[in-house]
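A.B. asks: Have a peek at input-v3.cif (mmCIF, C-alpha atoms and all ligand atoms).
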data_target
loop_
_atom_site.label_atom_id
_atom_site.label_comp_id
_atom_site.auth_asym_id
_atom_site.auth_seq_id
_atom_site.Cartn_x
_atom_site.Cartn_y
_atom_site.Cartn_z
CA MET A 599 43.82 23.46 63.84
CA GLN A 600 47.33 22.17 63.11
CA SER A 601 46.46 18.76 64.52
CA LEU A 602 43.34 18.61 62.33
CA ILE A 603 45.46 19.26 59.23
CA GLU A 604 48.06 16.75 60.37
CA SER A 605 45.39 14.12 61.04
CA LEU A 606 43.84 14.66 57.60
CA LEU A 607 47.21 14.43 55.86
CA GLU A 608 48.04 11.33 57.87
CA VAL A 609 44.83 9.59 56.79
CA ILE A 610 45.61 10.53 53.16
CA ASP A 611 49.25 9.43 53.43
CA SER A 612 48.58 6.11 55.12
CA HIS A 613 46.16 4.92 52.41
CA VAL A 614 46.73 1.41 51.17
CA SER A 615 44.21 -0.74 49.29
CA ILE A 616 42.89 -3.58 51.46
CA ARG A 617 42.03 -6.91 49.85
CA ARG A 618 41.38 -9.06 52.92
CA TYR A 619 38.60 -8.32 55.39
CA LYS A 620 37.39 -9.73 58.72
CA PRO A 621 33.76 -10.83 59.00
CA HIS A 622 31.78 -7.73 59.98
CA GLU A 623 28.38 -6.23 59.21
CA MET A 624 28.14 -2.51 58.62
CA ASP A 625 25.16 -0.85 60.32
CA ASP A 626 22.93 1.69 58.59
CA GLU A 627 24.17 4.61 60.68
CA THR A 628 27.79 4.10 59.61
CA LEU A 629 26.76 3.51 56.00
CA GLU A 630 24.73 6.71 55.90
CA LYS A 631 27.58 8.68 57.52
CA LEU A 632 29.93 7.47 54.80
CA ILE A 633 27.53 8.24 51.97
CA TYR A 634 26.96 11.70 53.47
CA ALA A 635 30.73 12.30 53.23
CA GLY A 636 30.46 11.38 49.55
CA VAL A 637 27.46 13.57 48.87
CA ARG A 638 29.32 16.58 50.32
CA ALA A 639 31.93 16.39 47.54
CA PRO A 640 31.84 19.13 44.89
CA SER A 641 29.65 18.38 41.88
CA SER A 642 29.62 19.85 38.38
CA ALA A 643 26.74 22.40 38.30
CA ASN A 644 25.71 20.62 41.50
CA LEU A 645 23.69 18.17 39.40
CA GLN A 646 25.03 15.07 41.16
CA PRO A 647 24.36 12.74 38.23
CA TYR A 648 25.40 9.59 40.10
CA THR A 649 23.86 6.99 42.38
CA ILE A 650 25.62 4.77 44.91
CA ILE A 651 24.22 1.27 45.42
CA ALA A 652 25.32 -0.20 48.75
CA VAL A 653 25.37 -3.99 48.48
CA ARG A 654 25.44 -5.89 51.80
CA ASP A 655 23.46 -8.93 50.63
CA LYS A 656 25.85 -11.90 50.60
CA ALA A 657 24.45 -13.61 47.51
CA LYS A 658 24.67 -10.37 45.53
CA LYS A 659 28.22 -9.65 46.72
CA ASP A 660 29.18 -13.20 45.65
CA LYS A 661 27.65 -12.70 42.22
CA ILE A 662 29.35 -9.31 41.77
CA ALA A 663 32.68 -10.89 42.82
CA GLU A 664 32.16 -13.54 40.13
CA LEU A 665 31.36 -10.87 37.51
CA CYS A 666 34.49 -8.92 38.53
CA GLY A 667 37.01 -11.71 37.93
CA ASN A 668 36.37 -13.56 41.20
CA GLN A 669 37.93 -10.99 43.51
CA LEU A 670 37.76 -12.43 47.03
CA HIS A 671 37.66 -9.02 48.73
CA ILE A 672 34.29 -8.32 47.10
CA ARG A 673 32.87 -11.43 48.81
CA GLN A 674 34.53 -10.62 52.15
CA CYS A 675 33.84 -6.90 52.50
CA SER A 676 31.22 -5.43 54.83
CA VAL A 677 29.73 -3.39 52.01
CA PHE A 678 30.31 -3.16 48.30
CA LEU A 679 29.52 0.27 46.85
CA LEU A 680 28.64 0.51 43.19
CA PHE A 681 29.04 4.03 41.78
CA THR A 682 26.80 4.51 38.76
CA ALA A 683 26.32 7.39 36.36
CA ASP A 684 22.63 8.23 36.75
CA TYR A 685 20.69 10.40 34.28
CA TYR A 686 17.46 8.48 34.96
CA ARG A 687 16.75 10.40 38.18
CA ALA A 688 17.27 13.84 36.57
CA SER A 689 15.25 12.82 33.47
CA LYS A 690 12.31 11.75 35.63
CA ALA A 691 12.46 14.98 37.65
CA MET A 692 12.69 17.05 34.46
CA GLU A 693 9.68 15.27 32.94
CA ARG A 694 7.69 16.02 36.10
CA LEU A 695 8.72 19.69 35.73
CA GLY A 696 7.69 19.81 32.06
CA ILE A 697 11.25 19.98 30.64
CA GLU A 698 12.23 17.55 27.90
CA PRO A 699 15.43 15.70 28.86
CA ALA A 700 18.10 15.09 26.20
CA GLN A 701 19.43 11.57 25.74
CA PRO A 702 22.54 11.19 27.93
CA ASN A 703 25.81 10.87 25.98
CA ILE A 704 29.42 10.07 26.65
CA TYR A 705 30.18 13.67 27.61
CA GLY A 706 27.54 13.24 30.32
CA LEU A 707 29.27 10.01 31.30
CA TYR A 708 32.52 11.95 31.75
CA VAL A 709 30.73 14.53 33.95
CA ALA A 710 29.15 11.79 36.05
CA ALA A 711 32.44 9.86 36.31
CA VAL A 712 34.31 12.90 37.66
CA ASP A 713 31.54 13.64 40.18
CA ALA A 714 31.30 10.02 41.27
CA ALA A 715 35.08 9.77 41.72
CA LEU A 716 35.10 12.85 43.94
CA ALA A 717 32.28 11.41 46.04
CA ALA A 718 34.03 8.05 46.19
CA GLN A 719 37.31 9.47 47.40
CA ASN A 720 35.52 11.44 50.15
CA ILE A 721 33.92 8.16 51.21
CA ALA A 722 37.26 6.36 51.04
CA LEU A 723 38.95 8.91 53.29
CA ALA A 724 36.05 8.97 55.75
CA ALA A 725 36.06 5.17 55.91
CA GLU A 726 39.83 5.04 56.39
CA ALA A 727 39.63 7.69 59.11
CA MET A 728 37.12 5.41 60.88
CA GLY A 729 39.57 2.50 60.69
CA TYR A 730 38.02 0.66 57.74
CA GLY A 731 39.99 -0.49 54.72
CA ILE A 732 38.87 0.14 51.17
CA CYS A 733 39.64 -1.02 47.65
CA TYR A 734 38.36 0.49 44.42
CA ILE A 735 36.99 -2.02 41.92
CA GLY A 736 37.42 -1.08 38.27
CA ALA A 737 36.73 -4.67 37.24
CA VAL A 738 33.05 -3.72 37.22
CA GLN A 739 33.88 -2.99 33.56
CA ASN A 740 34.36 -6.74 32.96
CA ASN A 741 30.57 -7.09 32.95
CA PRO A 742 28.90 -3.69 33.38
CA CYS A 743 25.59 -4.65 31.76
CA ARG A 744 25.23 -7.85 33.83
CA ILE A 745 25.97 -5.97 37.05
CA ALA A 746 23.42 -3.35 36.01
CA GLU A 747 20.81 -6.09 35.52
CA LEU A 748 21.68 -7.80 38.82
CA LEU A 749 21.10 -4.57 40.76
CA GLY A 750 18.04 -3.47 38.77
CA LEU A 751 19.59 -0.35 37.26
CA PRO A 752 17.19 1.48 34.93
CA GLU A 753 18.02 2.96 31.50
CA LYS A 754 20.24 6.07 31.43
CA THR A 755 22.41 4.66 34.21
CA TYR A 756 25.84 3.06 33.83
CA PRO A 757 28.02 1.24 36.42
CA LEU A 758 31.28 3.20 36.69
CA PHE A 759 33.33 1.48 39.39
CA GLY A 760 32.97 -0.18 42.75
CA MET A 761 34.52 0.08 46.19
CA THR A 762 34.89 -2.55 48.90
CA ILE A 763 34.79 -1.35 52.50
CA GLY A 764 35.48 -3.55 55.50
CA VAL A 765 37.53 -4.28 58.60
CA PRO A 766 41.11 -4.94 57.44
CA ASP A 767 42.53 -8.42 57.88
CA GLU A 768 45.94 -7.54 56.42
CA GLU A 769 48.54 -4.79 56.75
CA PRO A 770 50.11 -4.42 53.33
CA PRO A 771 53.00 -2.00 52.84
CA LYS A 772 52.34 1.38 51.25
CA ARG A 773 52.62 1.11 47.50
CA LEU A 774 55.02 3.05 45.32
CA ARG A 775 54.01 6.37 43.77
CA LEU A 776 55.77 8.56 41.22
CA PRO A 777 57.65 11.48 42.80
CA VAL A 778 55.80 14.80 43.06
CA ASP A 779 58.20 16.34 40.52
CA THR A 780 57.16 13.78 37.90
CA ILE A 781 53.49 14.58 38.31
CA LEU A 782 53.85 18.34 38.92
CA HIS A 783 54.57 20.56 35.91
CA ARG A 784 55.00 24.23 36.69
CA ASP A 785 53.07 26.67 34.45
CA SER A 786 53.39 24.55 31.29
CA TYR A 787 53.92 20.94 30.23
CA GLU A 788 57.53 20.08 31.00
CA GLY A 789 57.86 16.91 28.92
CA ALA A 790 56.98 13.26 29.40
CA LYS A 791 59.55 12.72 32.20
CA GLU A 792 59.66 9.05 31.19
CA ASP A 793 63.21 8.69 32.57
CA SER A 794 61.83 9.46 36.01
CA VAL A 795 59.07 6.88 35.56
CA ILE A 796 61.53 4.16 34.58
CA ASN A 797 64.14 5.13 37.21
CA THR A 798 61.59 5.32 40.03
CA TYR A 799 60.34 1.82 39.33
CA ARG A 800 63.81 0.42 38.57
CA GLU A 801 65.29 1.78 41.82
CA ALA A 802 62.40 0.28 43.81
CA GLY A 803 62.87 -3.07 42.03
CA HIS A 804 59.36 -2.83 40.56
CA LEU A 805 60.13 -2.22 36.89
CA ASP A 806 58.95 -5.72 35.88
CA SER A 807 55.61 -5.13 37.51
CA LEU A 808 55.25 -1.76 35.72
CA VAL A 809 56.07 -3.40 32.38
CA ARG A 810 53.42 -6.08 33.06
CA ARG A 811 50.83 -3.41 33.86
CA PHE A 812 51.73 -1.32 30.80
CA LYS A 813 51.24 -4.44 28.65
CA ARG A 814 48.09 -5.51 30.45
CA TYR A 815 46.34 -2.14 30.28
CA LEU A 816 47.99 0.30 27.85
CA SER A 817 49.52 -1.74 25.01
CA THR A 818 47.71 -2.23 21.68
CA GLU A 819 46.39 -5.55 23.04
CA GLY A 820 45.80 -4.12 26.53
CA GLY A 821 42.58 -3.87 28.49
CA ILE A 822 41.81 -0.27 27.63
CA ALA A 823 41.98 -0.94 23.87
CA ARG A 824 40.25 -4.33 24.17
CA ARG A 825 37.38 -3.18 26.37
CA PHE A 826 36.46 -0.22 24.17
CA PRO A 827 33.96 -1.99 21.82
CA SER A 828 32.00 -3.72 24.63
CA PHE A 829 32.08 -0.50 26.68
CA ILE A 830 30.45 1.42 23.80
CA GLU A 831 28.00 -1.43 23.19
CA CYS A 832 26.87 -1.54 26.85
CA LEU A 833 26.57 2.25 27.01
CA GLU A 834 24.34 2.27 23.92
CA ARG A 835 22.22 -0.57 25.30
CA ARG A 836 21.72 1.47 28.46
CA GLY A 837 20.49 4.51 26.56
CA PHE A 838 23.68 6.59 26.20
CA ARG A 839 24.56 8.21 22.88
CA THR A 840 28.17 7.53 21.89
CA THR A 841 28.43 9.64 18.69
CA PRO A 842 27.78 13.38 18.19
C1 LIG B 901 39.58 3.27 39.43
C2 LIG B 901 40.32 2.16 40.16
C3 LIG B 901 40.02 0.84 39.88
C4 LIG B 901 40.63 -0.18 40.59
N1 LIG B 901 40.26 -1.48 40.37
C5 LIG B 901 40.74 -2.46 41.17
C6 LIG B 901 40.20 -3.78 41.09
O1 LIG B 901 39.32 -4.10 40.31
N2 LIG B 901 40.68 -4.70 41.97
C7 LIG B 901 41.65 -4.41 42.89
O2 LIG B 901 42.01 -5.30 43.67
N3 LIG B 901 42.17 -3.17 42.98
C8 LIG B 901 41.74 -2.19 42.15
N4 LIG B 901 42.20 -0.90 42.29
C9 LIG B 901 43.23 -0.60 43.30
C10 LIG B 901 44.58 -0.27 42.66
O3 LIG B 901 45.15 -1.46 42.17
C11 LIG B 901 45.47 0.37 43.72
O4 LIG B 901 44.90 1.61 44.13
C12 LIG B 901 46.88 0.64 43.19
O5 LIG B 901 47.52 -0.58 42.88
C13 LIG B 901 47.73 1.38 44.21
O6 LIG B 901 47.75 0.67 45.46
P1 LIG B 901 47.28 1.37 46.81
O7 LIG B 901 45.87 1.83 46.63
O8 LIG B 901 47.41 0.31 47.88
O9 LIG B 901 48.21 2.53 47.07
C14 LIG B 901 41.63 0.13 41.56
C15 LIG B 901 41.94 1.48 41.81
C16 LIG B 901 41.29 2.48 41.13
C17 LIG B 901 41.61 3.91 41.45
#
When written as structure tokens, how does the structure in this file appear?

C.D. replies:
Amino acid sequence: MQSLIESLLEVIDSHVSIRRYKPHEMDDETLEKLIYAGVRAPSSANLQPYTIIAVRDKAKKDKIAELCGNQLHIRQCSVFLLFTADYYRASKAMERLGIEPAQPNIYGLYVAAVDAALAAQNIALAAEAMGYGICYIGAVQNNPCRIAELLGLPEKTYPLFGMTIGVPDEEPPKRLRLPVDTILHRDSYEGAKEDSVINTYREAGHLDSLVRRFKRYLSTEGGIARRFPSFIECLERRGFRTTP
């Protein structure tokens, strides 16, 4: 039992995102094993409002790479997984059962995003335990509606994020994380702990890179603020309600 726990913790601890892959084709058996690991993740009310599209077709991977800021690892990977919120499947099943489905909304998107992330991380760990490398792809949000069209997603679905899986062709070092004490607050919120954030990155010589990422994502001109209008627009186009 101890060795099982140690092996699991070792897989978790040795995670590193892989952005270079060797040529390799993933067979159906392996793919289905990985997706099964994802499906076994907990799910809110066990509704599983997500779908995973496994893209192995080269032309489609190339197009997705282009729509995600030309990320080479999307072209190179054995399989690109697209995790989508999916209320189309449940709506169809409900209609067949004589129950009127409500229009999905952004609260439903949150539920689906949490479920999909849990499934994704199970898949990531299973893949890494098998010796594959993975990389999450949030850049799906550069062009969510175009990716949805490319892969024939119906209404009431929304592309959340992607994941590349393949045979690693690089061995990058493990990347920095905040210390446990910065993330862990005991029994109540203990404060922002911003000194620890700055010191951790300064001591590792990575403060410049943190500043760049803060500006790129979290500043008033950053990606999260900038992407908000097109995010809402694509959600509405795909049949999600974004206001109460
Ligand atoms: C939701 C999410 C989206 C991400 N999007 C991208 C992406 O589009 N491209 C990429 O190369 N890496 C992406 N990453 C990988 C992160 O950059 C990476 O996990 C982080 O820098 C820490 O490095 P590590 O995973 O090697 O520890 C993403 C990770 C997550 C969790």

A.B. asks: What's the 6 Å shell around Val677 in chain A, counting only C-alpha atoms, without same-chain residues fewer than 3 positions away, as a list of chain:residue names?

C.D. replies: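 Within the cut-off, the hits are A:Val653, A:Arg654, A:Ile763.
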
A.B. asks: Write out, as CSV, each residue of chain A that has an atom at most 8 Å from ligand LIG 901 (chain B), together with the closest pair of atoms and their distance in Å to one decimal, counting all atoms listed in the file, rows going by chain and rising number.

C.D. replies:
residue,atom,partner,partner_atom,distance
A:His613,CA,B:LIG901,O9,6.2
A:Val614,CA,B:LIG901,O8,3.5
A:Ser615,CA,B:LIG901,O8,3.7
A:Ile616,CA,B:LIG901,O8,7.0
A:Arg617,CA,B:LIG901,O2,6.4
A:Cys666,CA,B:LIG901,O1,7.1
A:Gln669,CA,B:LIG901,O2,7.0
A:His671,CA,B:LIG901,O2,7.6
A:Cys733,CA,B:LIG901,C9,5.7
A:Tyr734,CA,B:LIG901,C14,4.4
A:Ile735,CA,B:LIG901,O1,3.5
A:Gly736,CA,B:LIG901,N1,3.6
A:Ala737,CA,B:LIG901,O1,4.1
A:Val738,CA,B:LIG901,O1,7.0
A:Phe759,CA,B:LIG901,C1,6.5
A:Gly760,CA,B:LIG901,C3,7.7
A:Pro770,CA,B:LIG901,O8,7.7
A:Pro771,CA,B:LIG901,O8,7.8
A:Lys772,CA,B:LIG901,O9,6.0
A:Arg773,CA,B:LIG901,O9,4.7
A:Leu774,CA,B:LIG901,O9,7.1
A:Arg775,CA,B:LIG901,O9,7.7

A.B. asks: Mind running range 693-781 of chain A against range 789-796 of chain A at 10 Å and telling me each contacting residue's nearest atom pair with the distance in Å (one decimal), counting only C-alpha atoms, chain and number ascending, as a tab-separated table?

C.D. replies:
residue	atom	partner	partner_atom	distance
A:Arg775	CA	A:Val795	CA	9.7
A:Leu776	CA	A:Val795	CA	6.8
A:Pro777	CA	A:Ser794	CA	8.2
A:Asp779	CA	A:Ser794	CA	9.0
A:Thr780	CA	A:Lys791	CA	6.3
A:Ile781	CA	A:Lys791	CA	8.8

A.B. asks: Determine, counting only C-alpha atoms, every residue of protein, DNA or RNA that lies within 6 Å of (39.2, -2.6, 58.0) in the file coordinates, then give the result as an MDAnalysis selection string.

C.D. replies: chainID A and resid 729:731 764:766

A.B. asks: Residues as selected, C-alpha atoms, written as a short mmCIF file (atom, residue, chain, number, x, y, z; two decimals), in the coordinates of the input, can you do that?

C.D. replies:
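That gives us part.cif:
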data_model
loop_
_atom_site.label_atom_id
_atom_site.label_comp_id
_atom_site.auth_asym_id
_atom_site.auth_seq_id
_atom_site.Cartn_x
_atom_site.Cartn_y
_atom_site.Cartn_z
CA GLY A 729 39.57 2.50 60.69
CA TYR A 730 38.02 0.66 57.74
CA GLY A 731 39.99 -0.49 54.72
CA GLY A 764 35.48 -3.55 55.50
CA VAL A 765 37.53 -4.28 58.60
CA PRO A 766 41.11 -4.94 57.44
#

A.B. asks: Got a sec: who's within 12 Å of Glu747 in chain A, counting all atoms listed in the file, leaving out chain neighbours fewer than 2 positions off, as a ChimeraX atom specification?

C.D. replies: /A:658,661-662,665,741-745,749-753,755-757,832,835-836

A.B. asks: One decimal, in Å: what's the spacing between CA of Ala635 in chain A and CA of Ala717 in chain A?

C.D. replies: 7.4 Å

A.B. asks: Figure out the distance between CA of Asn703 in chain A and CA of Gln646 in chain A, please, to one decimal in Å.

C.D. replies: 15.8 Å

A.B. asks: Given the choices A:Ile697, A:Leu602, A:Thr762, A:Arg814, which gets closest to Glu726 in chain A if the distance is worked out from all atoms listed in the file?

C.D. replies: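 Ranked by minimum distance to Glu726 in chain A, first place goes to A:Thr762.
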